[in-house]
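Novice: Sharing input_24.txt below, compact mmCIF, C-alpha atoms and all ligand atoms:
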```txt
# COMPACT_ATOMS: atom_id res chain seq x y z
CA MET A 1 15.17 22.04 19.91
CA THR A 2 11.44 22.52 19.55
CA LEU A 3 9.73 20.43 16.94
CA SER A 4 7.80 22.18 14.19
CA PHE A 5 4.00 21.98 14.03
CA GLY A 6 4.26 19.60 11.06
CA VAL A 7 6.72 17.22 12.74
CA LYS A 8 4.72 17.11 15.98
CA THR A 9 1.49 16.50 14.08
CA VAL A 10 2.94 13.73 11.93
CA ASN A 11 4.28 12.01 15.07
CA THR A 12 0.75 12.06 16.50
CA LEU A 13 -0.79 10.86 13.23
CA LYS A 14 1.76 8.02 13.02
CA GLN A 15 0.79 6.80 16.49
CA GLU A 16 -2.90 7.02 15.61
CA LEU A 17 -2.32 5.12 12.37
CA GLN A 18 -0.32 2.34 14.05
CA ARG A 19 -3.03 1.97 16.71
CA ARG A 20 -5.71 1.70 14.01
CA LEU A 21 -3.63 -0.86 12.09
CA ASP A 22 -3.10 -2.90 15.28
CA VAL A 23 -6.87 -3.36 15.32
CA LEU A 24 -7.70 -3.53 11.60
CA GLU A 25 -4.85 -5.83 10.59
CA GLN A 26 -5.05 -8.20 13.54
CA TYR A 27 -6.19 -11.79 13.19
CA PRO A 28 -5.34 -15.29 14.48
CA ILE A 29 -2.01 -15.44 12.73
CA GLU A 30 -0.66 -18.96 13.21
CA GLN A 31 -3.96 -20.58 12.39
CA GLU A 32 -4.39 -18.47 9.26
CA LEU A 33 -0.80 -18.83 8.15
CA ALA A 34 -1.14 -22.60 8.26
CA ARG A 35 -3.92 -22.55 5.67
CA GLU A 36 -2.54 -23.07 2.20
CA GLY A 37 -4.35 -20.93 -0.34
CA ASN A 38 -3.96 -20.45 -4.05
CA LEU A 39 -0.67 -18.58 -4.37
CA THR A 40 -1.30 -17.60 -7.99
CA ALA A 41 -4.63 -16.04 -7.03
CA LEU A 42 -3.01 -14.15 -4.14
CA LEU A 43 -0.22 -12.85 -6.35
CA LYS A 44 -2.74 -11.73 -8.97
CA ILE A 45 -4.34 -9.60 -6.22
CA ALA A 46 -0.85 -8.22 -5.52
CA LEU A 47 -0.44 -7.41 -9.23
CA LYS A 48 -3.62 -5.37 -9.25
CA ASN A 49 -2.48 -3.51 -6.11
CA GLU A 50 0.91 -2.77 -7.66
CA VAL A 51 -0.48 -1.49 -10.94
CA GLU A 52 -2.98 0.75 -9.11
CA ALA A 53 -0.22 2.10 -6.83
CA SER A 54 1.88 2.96 -9.88
CA GLU A 55 -1.05 4.47 -11.72
CA ILE A 56 -2.31 6.71 -8.90
CA ALA A 57 1.16 8.18 -8.36
CA ALA A 58 1.34 8.83 -12.12
CA TYR A 59 -2.15 10.36 -12.09
CA TRP A 60 -1.15 12.82 -9.36
CA LEU A 61 2.24 13.69 -10.79
CA PRO A 62 1.38 16.54 -13.23
CA THR A 63 -1.06 18.22 -10.82
CA THR A 64 1.27 18.25 -7.80
CA SER A 65 3.24 21.50 -7.67
CA GLU A 66 5.64 20.75 -4.79
CA ILE A 67 8.76 19.55 -6.63
CA ASP A 68 10.07 17.13 -3.95
CA ILE A 69 6.68 15.44 -3.75
CA LYS A 70 6.29 15.36 -7.53
CA LEU A 71 9.68 13.62 -7.87
CA GLY A 72 8.74 11.26 -5.05
CA PHE A 73 5.60 10.29 -6.98
CA ALA A 74 7.73 9.80 -10.10
CA ARG A 75 10.02 7.38 -8.27
CA GLN A 76 7.00 5.53 -6.90
CA VAL A 77 5.53 5.07 -10.39
CA GLY A 78 8.70 3.19 -11.36
CA ASP A 79 9.04 1.27 -8.07
CA GLU A 80 5.51 -0.14 -8.21
CA ALA A 81 5.98 -1.08 -11.88
CA ARG A 82 9.17 -2.93 -10.90
CA HIS A 83 7.27 -4.79 -8.14
CA TYR A 84 4.71 -5.78 -10.76
CA ARG A 85 7.47 -7.19 -12.98
CA LEU A 86 9.15 -9.07 -10.10
CA ILE A 87 5.89 -10.82 -9.23
CA CYS A 88 5.22 -11.64 -12.91
CA GLU A 89 8.69 -13.15 -13.29
CA PHE A 90 8.11 -15.35 -10.24
CA LEU A 91 4.74 -16.54 -11.55
CA GLU A 92 6.12 -17.21 -15.02
CA LYS A 93 8.96 -19.28 -13.53
CA ARG A 94 6.29 -21.37 -11.84
CA GLY A 95 4.71 -21.95 -15.23
CA VAL A 96 1.81 -19.53 -14.84
CA SER A 97 0.95 -17.85 -18.14
CA LEU A 98 0.05 -14.19 -17.77
CA GLU A 99 -0.48 -13.67 -21.48
CA ASP A 100 -4.22 -13.10 -21.11
CA PHE A 101 -4.11 -11.64 -17.62
CA ASN A 102 -5.36 -8.09 -17.27
CA PRO A 103 -5.12 -6.88 -13.65
CA LEU A 104 -7.72 -4.20 -14.38
CA ALA A 105 -10.19 -6.45 -16.22
CA GLU A 106 -12.80 -5.81 -13.53
CA GLY A 107 -11.97 -2.11 -13.40
CA HIS A 108 -10.16 -0.08 -10.78
CA SER A 109 -10.82 -0.59 -7.08
CA PRO A 110 -13.02 1.66 -4.91
CA LEU A 111 -9.85 2.86 -3.15
CA PHE A 112 -8.33 3.93 -6.47
CA ALA A 113 -11.49 5.92 -7.26
CA ALA A 114 -11.38 7.62 -3.85
CA LEU A 115 -7.70 8.53 -4.26
CA GLN A 116 -8.36 9.89 -7.74
CA GLY A 117 -10.87 12.33 -6.26
CA MET A 118 -8.31 13.87 -3.88
CA SER A 119 -6.96 17.16 -5.21
CA ARG A 120 -4.89 18.63 -2.36
CA THR A 121 -1.31 17.41 -1.87
CA VAL A 122 -1.94 17.06 1.87
CA GLU A 123 -4.86 14.71 1.25
CA ARG A 124 -3.01 12.75 -1.42
CA LEU A 125 0.03 12.20 0.80
CA ALA A 126 -2.07 11.33 3.85
CA ALA A 127 -4.21 8.83 1.94
CA GLY A 128 -1.81 7.42 -0.64
CA GLN A 129 1.69 7.38 0.80
CA PHE A 130 1.18 7.77 4.55
CA THR A 131 -1.77 5.38 4.96
CA ARG A 132 -2.04 3.10 1.91
CA GLU A 133 1.68 2.29 2.05
CA ALA A 134 1.57 1.68 5.82
CA ILE A 135 -1.25 -0.81 5.23
CA ALA A 136 0.86 -2.42 2.48
CA ILE A 137 3.87 -2.76 4.80
CA ARG A 138 1.73 -4.46 7.49
CA ARG A 139 0.06 -6.82 5.05
CA ASN A 140 3.32 -7.67 3.31
CA GLU A 141 4.96 -8.54 6.67
CA MET A 142 2.22 -11.08 7.26
CA PHE A 143 2.33 -12.24 3.64
CA ILE A 144 6.11 -12.87 3.90
CA ARG A 145 5.49 -15.10 6.93
CA TYR A 146 2.79 -16.90 4.96
CA LEU A 147 5.17 -17.42 2.01
CA GLU A 148 7.91 -18.76 4.30
CA LYS A 149 5.52 -21.07 6.09
CA HIS A 150 4.55 -22.66 2.78
CA GLY A 151 8.08 -22.91 1.40
CA HIS A 152 7.96 -20.09 -1.16
CA MET A 153 11.34 -18.75 -0.07
CA ASP A 154 12.18 -17.06 -3.39
CA MET A 155 9.07 -14.92 -3.32
CA ALA A 156 9.49 -14.21 0.41
CA ARG A 157 13.01 -12.96 -0.29
CA ILE A 158 11.82 -10.71 -3.11
CA TYR A 159 9.19 -9.20 -0.81
CA ARG A 160 11.60 -8.74 2.06
CA ASP A 161 14.65 -7.50 0.17
CA GLN A 162 13.17 -5.61 -2.76
CA ILE A 163 9.50 -4.72 -2.31
CA GLN A 164 9.30 -3.84 1.40
CA PRO A 165 12.20 -1.32 1.38
CA ASP A 166 10.44 0.55 -1.45
CA GLU A 167 7.05 0.50 0.32
CA THR A 168 8.82 1.88 3.41
CA HIS A 169 10.35 4.63 1.27
CA HIS A 170 6.88 5.51 -0.09
CA HIS A 171 5.46 5.71 3.44
CA GLU A 172 8.39 7.94 4.43
CA LEU A 173 7.65 10.22 1.47
CA GLY A 174 4.19 10.64 2.97
CA CYS A 175 5.60 11.39 6.44
CA GLN A 176 8.19 13.89 5.22
CA GLY A 177 5.81 15.63 2.84
CA LEU A 178 3.18 16.02 5.54
CA GLU A 179 5.76 17.36 8.00
CA GLN A 180 6.46 20.17 5.55
CA LEU A 181 2.92 20.85 4.37
CA LEU A 182 0.79 20.64 7.52
CA LYS A 183 0.54 24.24 8.69
CA ASN A 184 -2.68 24.57 10.66
CA ASP A 185 -5.64 22.70 12.17
CA ALA A 186 -7.59 22.72 8.89
CA ASP A 187 -4.69 20.91 7.16
CA VAL A 188 -4.55 18.36 9.97
CA SER A 189 -8.30 17.73 9.71
CA ALA A 190 -7.97 17.18 5.95
CA ALA A 191 -5.06 14.76 6.47
CA ARG A 192 -6.84 12.87 9.23
CA ALA A 193 -10.04 12.57 7.16
CA ALA A 194 -8.02 11.24 4.20
CA MET A 195 -6.31 8.71 6.46
CA GLU A 196 -9.62 7.51 7.94
CA ARG A 197 -11.25 7.25 4.53
CA THR A 198 -8.36 5.16 3.23
CA LEU A 199 -8.38 2.86 6.26
CA SER A 200 -12.10 2.30 5.98
CA ILE A 201 -12.20 1.62 2.21
CA ALA A 202 -9.10 -0.62 2.40
CA ASP A 203 -10.72 -2.57 5.23
CA GLU A 204 -13.97 -3.08 3.33
CA MET A 205 -12.05 -4.22 0.24
CA LYS A 206 -9.97 -6.61 2.33
CA LYS A 207 -13.05 -8.17 3.92
CA ALA A 208 -14.63 -8.68 0.49
CA VAL A 209 -11.50 -10.44 -0.83
CA GLN A 210 -11.16 -12.51 2.35
CA LYS A 211 -14.75 -13.64 1.99
CA LYS A 212 -14.21 -14.58 -1.66
CA SER A 213 -10.80 -16.26 -1.22
CA GLY A 214 -11.31 -17.69 2.28
CA LEU A 215 -7.83 -16.43 3.20
CA LYS A 216 -6.81 -13.72 5.60
CA THR A 217 -3.17 -13.29 4.61
CA LEU A 218 -3.35 -10.91 1.66
CA PRO A 219 -0.46 -9.08 0.02
CA GLY A 220 -0.31 -5.27 0.02
CA CYS A 221 1.38 -3.48 -2.84
FE FE B 301 4.43 1.36 -2.58
FE FE B 302 4.62 -1.97 -4.43
```
As structure tokens, please, write out the structure in this file.
Specialist:
Amino acid sequence: MTLSFGVKTVNTLKQELQRRLDVLEQYPIEQELAREGNLTALLKIALKNEVEASEIAAYWLPTTSEIDIKLGFARQVGDEARHYRLICEFLEKRGVSLEDFNPLAEGHSPLFAALQGMSRTVERLAAGQFTREAIAIRRNEMFIRYLEKHGHMDMARIYRDQIQPDETHHHELGCQGLEQLLKNDADVSAARAAMERTLSIADEMKKAVQKKSGLKTLPGC
């Protein structure tokens, strides 16, 4: 059976993305994992990521005409909101009050603004689901190891059993949507540009947070 143009292209893009993530998300793991940071501060970063992930999928929903993709975005809106709640419940059990916490008090992130500006479904999927969610999966894998290393088994379990399977589903939505929608070289260029833009903004944002927090193990969404 010969693979369609879309399937072949997505396979290539997946390899490119994993190679880029091998470089961008690589750091001296054991050494970094051993450093105990402020878990509440890290989880508040996760809360902002989750609310933005929910909100961008909601923002795109009414202006995405492909029904499978639209419904995929709708599911993601709910999934990311559920992740937000799971993290809140964990923090509240630890006695952290979130009464006055507003994850968007400092505004939306530069990545959110870039995603908001994307109008084609191909770009949205390439940037939001295909790339942003792949970054989240990588970062969460590391974050789970960090949580386990410091004895936060409950939160590690929530990430492993509940959050990560959803993030994987969101990434798959990106892959499957792109397989269907990529029809020619111009589409592939648009998808690749959206992927690169997402990687570069996410990397800049990560470096800024790492500088501020002094920690390298950051949660995704
Ligand atoms: Fe997600
Ligand atoms: Fe999430």
Novice: Work out how far apart CA of Ser213 in chain A and CA of Ala34 in chain A are and give it in Å to one decimal.
Specialist: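 Value for the CA of Ser213 in chain A-CA of Ala34 in chain A distance: 14.9 Å.
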Novice: Please list as number ranges by chain every residue within 8 Å of range 42-55 of chain A, counting only C-alpha atoms and excluding residues in the same chain fewer than 3 positions away.
Specialist: A: 37-39, 58-59, 76-81, 83-84, 87-88, 103-104, 108, 112, 218-221
Novice: One decimal, Å: what's the distance from CA of Ala194 in chain A over to CA of Thr131 in chain A, could you say?
Specialist: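 Taking CA of Ala194 in chain A and CA of Thr131 in chain A, their separation equals 8.6 Å.
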Novice: Taking all atoms listed in the file into account, name the residue in A:Gly174, A:Leu13, A:Glu92, A:Ser4 that is nearest to Ser189 in chain A.
Specialist: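 Going through A:Gly174, A:Leu13, A:Glu92, A:Ser4 one by one, the smallest distance to Ser189 in chain A is for A:Leu13.
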Novice: Restricting the calculation to only C-alpha atoms: of A:Asp154, A:Glu179, A:Glu133, A:Glu204, which residue gets closest to Gly6 in chain A?
Specialist: A:Glu179
Novice: Out of A:Arg157, A:His169, A:Arg120, A:Arg94, which residue has the shortest atom-to-atom distance to ligand FE 302 (chain B) when counting all atoms listed in the file?
Specialist: A:His169
Novice: Quick one: everything within 12 Å of Asp187 in chain A, counting all atoms listed in the file, minus sequence neighbours fewer than 3 positions away in the same chain. Send it as a ChimeraX atom specification.
Specialist: /A:5-6,9-10,120-126,178-184,190-194
Novice: Considering all atoms listed in the file, return as a PDB file with C-alpha atoms, in the coordinates of the input whatever protein or nucleic-acid residues lie within 12 Å of range 18-23 of chain A, sequence-local ones (same chain, fewer than 2 positions apart) excluded.
Specialist:
```pdb
ATOM      1  CA  ASN A  11       4.280  12.010  15.070  1.00  0.00           C
ATOM      2  CA  THR A  12       0.750  12.060  16.500  1.00  0.00           C
ATOM      3  CA  LEU A  13      -0.790  10.860  13.230  1.00  0.00           C
ATOM      4  CA  LYS A  14       1.760   8.020  13.020  1.00  0.00           C
ATOM      5  CA  GLN A  15       0.790   6.800  16.490  1.00  0.00           C
ATOM      6  CA  GLU A  16      -2.900   7.020  15.610  1.00  0.00           C
ATOM      7  CA  GLU A  25      -4.850  -5.830  10.590  1.00  0.00           C
ATOM      8  CA  GLN A  26      -5.050  -8.200  13.540  1.00  0.00           C
ATOM      9  CA  TYR A  27      -6.190 -11.790  13.190  1.00  0.00           C
ATOM     10  CA  PHE A 130       1.180   7.770   4.550  1.00  0.00           C
ATOM     11  CA  THR A 131      -1.770   5.380   4.960  1.00  0.00           C
ATOM     12  CA  ARG A 132      -2.040   3.100   1.910  1.00  0.00           C
ATOM     13  CA  GLU A 133       1.680   2.290   2.050  1.00  0.00           C
ATOM     14  CA  ALA A 134       1.570   1.680   5.820  1.00  0.00           C
ATOM     15  CA  ILE A 135      -1.250  -0.810   5.230  1.00  0.00           C
ATOM     16  CA  ALA A 136       0.860  -2.420   2.480  1.00  0.00           C
ATOM     17  CA  ILE A 137       3.870  -2.760   4.800  1.00  0.00           C
ATOM     18  CA  ARG A 138       1.730  -4.460   7.490  1.00  0.00           C
ATOM     19  CA  ARG A 139       0.060  -6.820   5.050  1.00  0.00           C
ATOM     20  CA  MET A 195      -6.310   8.710   6.460  1.00  0.00           C
ATOM     21  CA  GLU A 196      -9.620   7.510   7.940  1.00  0.00           C
ATOM     22  CA  THR A 198      -8.360   5.160   3.230  1.00  0.00           C
ATOM     23  CA  LEU A 199      -8.380   2.860   6.260  1.00  0.00           C
ATOM     24  CA  SER A 200     -12.100   2.300   5.980  1.00  0.00           C
ATOM     25  CA  ALA A 202      -9.100  -0.620   2.400  1.00  0.00           C
ATOM     26  CA  ASP A 203     -10.720  -2.570   5.230  1.00  0.00           C
TER      27      ASP A 203
END
```
Novice: With all atoms listed in the file as the basis for distance, which of A:Asp161, A:Glu66, A:Glu167, A:Asp185 is at the shortest distance from ligand FE 302 (chain B)?
Specialist: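 Distance minimum relative to ligand FE 302 (chain B) lands on A:Glu167.
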Novice: May I have the protein, DNA and RNA residues with any atom at most 10 Å from the point (10.8, -7.0, -1.2), counting all atoms listed in the file, written as a list in words?
Specialist: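 Every polymer residue passing the test: His83, Leu86, Asn140, Glu141, Ile144, Met155, Ala156, Arg157, Ile158, Tyr159, Arg160, Asp161, Gln162, Ile163, Gln164, Pro165, Asp166 and Glu167 of chain A.
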Novice: Go ahead and save the picked residues with C-alpha atoms, as a tab-separated table (two decimals), in the frame of the given file.
Specialist:
```tsv
chain	number	residue	atom	x	y	z
A	83	HIS	CA	7.27	-4.79	-8.14
A	86	LEU	CA	9.15	-9.07	-10.10
A	140	ASN	CA	3.32	-7.67	3.31
A	141	GLU	CA	4.96	-8.54	6.67
A	144	ILE	CA	6.11	-12.87	3.90
A	155	MET	CA	9.07	-14.92	-3.32
A	156	ALA	CA	9.49	-14.21	0.41
A	157	ARG	CA	13.01	-12.96	-0.29
A	158	ILE	CA	11.82	-10.71	-3.11
A	159	TYR	CA	9.19	-9.20	-0.81
A	160	ARG	CA	11.60	-8.74	2.06
A	161	ASP	CA	14.65	-7.50	0.17
A	162	GLN	CA	13.17	-5.61	-2.76
A	163	ILE	CA	9.50	-4.72	-2.31
A	164	GLN	CA	9.30	-3.84	1.40
A	165	PRO	CA	12.20	-1.32	1.38
A	166	ASP	CA	10.44	0.55	-1.45
A	167	GLU	CA	7.05	0.50	0.32
```
Novice: May I ask for the distance between CA of Glu172 in chain A and CA of Ile69 in chain A, given in Å to one decimal place?
Specialist: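 These atoms are spaced 11.2 Å apart.
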Novice: Counting all atoms listed in the file, note down every residue that has an atom within 12 Å of the point (-3.4, -20.8, 10.1) (file coordinates), as a ChimeraX atom specification.
Specialist: /A:27-37,142,145-146,149-150,214-217
Novice: Using only C-alpha atoms, please write the residues we just selected to a file, as a compact mmCIF listing (two decimals), in the frame of the given file.
Specialist:
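Wrote it out as part07.txt, contents follow:
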```txt
# COMPACT_ATOMS: atom_id res chain seq x y z
CA TYR A 27 -6.19 -11.79 13.19
CA PRO A 28 -5.34 -15.29 14.48
CA ILE A 29 -2.01 -15.44 12.73
CA GLU A 30 -0.66 -18.96 13.21
CA GLN A 31 -3.96 -20.58 12.39
CA GLU A 32 -4.39 -18.47 9.26
CA LEU A 33 -0.80 -18.83 8.15
CA ALA A 34 -1.14 -22.60 8.26
CA ARG A 35 -3.92 -22.55 5.67
CA GLU A 36 -2.54 -23.07 2.20
CA GLY A 37 -4.35 -20.93 -0.34
CA MET A 142 2.22 -11.08 7.26
CA ARG A 145 5.49 -15.10 6.93
CA TYR A 146 2.79 -16.90 4.96
CA LYS A 149 5.52 -21.07 6.09
CA HIS A 150 4.55 -22.66 2.78
CA GLY A 214 -11.31 -17.69 2.28
CA LEU A 215 -7.83 -16.43 3.20
CA LYS A 216 -6.81 -13.72 5.60
CA THR A 217 -3.17 -13.29 4.61
```
Novice: For range 187-201 of chain A, where the input has fewer atoms than it should, I would like N, CA and C atoms rebuilt and written as a PDB file, in the frame of the given file.
Specialist:
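Result written to selection-v3.pdb:
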```pdb
ATOM      1  N   ASP A 187      -5.511  21.891   7.902  1.00  0.00           N
ATOM      2  CA  ASP A 187      -4.690  20.910   7.160  1.00  0.00           C
ATOM      3  C   ASP A 187      -4.705  19.558   7.873  1.00  0.00           C
ATOM      4  N   VAL A 188      -4.594  19.612   9.196  1.00  0.00           N
ATOM      5  CA  VAL A 188      -4.550  18.360   9.970  1.00  0.00           C
ATOM      6  C   VAL A 188      -5.883  17.623   9.835  1.00  0.00           C
ATOM      7  N   SER A 189      -6.984  18.368   9.880  1.00  0.00           N
ATOM      8  CA  SER A 189      -8.300  17.730   9.710  1.00  0.00           C
ATOM      9  C   SER A 189      -8.405  17.076   8.351  1.00  0.00           C
ATOM     10  N   ALA A 190      -7.909  17.755   7.312  1.00  0.00           N
ATOM     11  CA  ALA A 190      -7.970  17.180   5.950  1.00  0.00           C
ATOM     12  C   ALA A 190      -7.129  15.913   5.881  1.00  0.00           C
ATOM     13  N   ALA A 191      -5.940  15.943   6.489  1.00  0.00           N
ATOM     14  CA  ALA A 191      -5.060  14.760   6.470  1.00  0.00           C
ATOM     15  C   ALA A 191      -5.691  13.608   7.243  1.00  0.00           C
ATOM     16  N   ARG A 192      -6.252  13.930   8.405  1.00  0.00           N
ATOM     17  CA  ARG A 192      -6.840  12.870   9.230  1.00  0.00           C
ATOM     18  C   ARG A 192      -8.054  12.245   8.520  1.00  0.00           C
ATOM     19  N   ALA A 193      -8.860  13.076   7.883  1.00  0.00           N
ATOM     20  CA  ALA A 193     -10.040  12.570   7.160  1.00  0.00           C
ATOM     21  C   ALA A 193      -9.596  11.657   6.013  1.00  0.00           C
ATOM     22  N   ALA A 194      -8.527  12.056   5.319  1.00  0.00           N
ATOM     23  CA  ALA A 194      -8.020  11.240   4.200  1.00  0.00           C
ATOM     24  C   ALA A 194      -7.487   9.905   4.710  1.00  0.00           C
ATOM     25  N   MET A 195      -6.833   9.947   5.851  1.00  0.00           N
ATOM     26  CA  MET A 195      -6.310   8.710   6.460  1.00  0.00           C
ATOM     27  C   MET A 195      -7.468   7.779   6.831  1.00  0.00           C
ATOM     28  N   GLU A 196      -8.474   8.332   7.496  1.00  0.00           N
ATOM     29  CA  GLU A 196      -9.620   7.510   7.940  1.00  0.00           C
ATOM     30  C   GLU A 196     -10.371   6.914   6.750  1.00  0.00           C
ATOM     31  N   ARG A 197     -10.523   7.710   5.713  1.00  0.00           N
ATOM     32  CA  ARG A 197     -11.250   7.250   4.530  1.00  0.00           C
ATOM     33  C   ARG A 197     -10.497   6.081   3.887  1.00  0.00           C
ATOM     34  N   THR A 198      -9.184   6.220   3.814  1.00  0.00           N
ATOM     35  CA  THR A 198      -8.360   5.160   3.230  1.00  0.00           C
ATOM     36  C   THR A 198      -8.435   3.888   4.061  1.00  0.00           C
ATOM     37  N   LEU A 199      -8.315   4.038   5.376  1.00  0.00           N
ATOM     38  CA  LEU A 199      -8.380   2.860   6.260  1.00  0.00           C
ATOM     39  C   LEU A 199      -9.714   2.151   6.082  1.00  0.00           C
ATOM     40  N   SER A 200     -10.787   2.930   6.024  1.00  0.00           N
ATOM     41  CA  SER A 200     -12.100   2.300   5.980  1.00  0.00           C
ATOM     42  C   SER A 200     -12.364   1.626   4.623  1.00  0.00           C
ATOM     43  N   ILE A 201     -11.981   2.264   3.528  1.00  0.00           N
ATOM     44  CA  ILE A 201     -12.200   1.620   2.210  1.00  0.00           C
ATOM     45  C   ILE A 201     -11.296   0.391   2.079  1.00  0.00           C
TER      46      ILE A 201
END
```
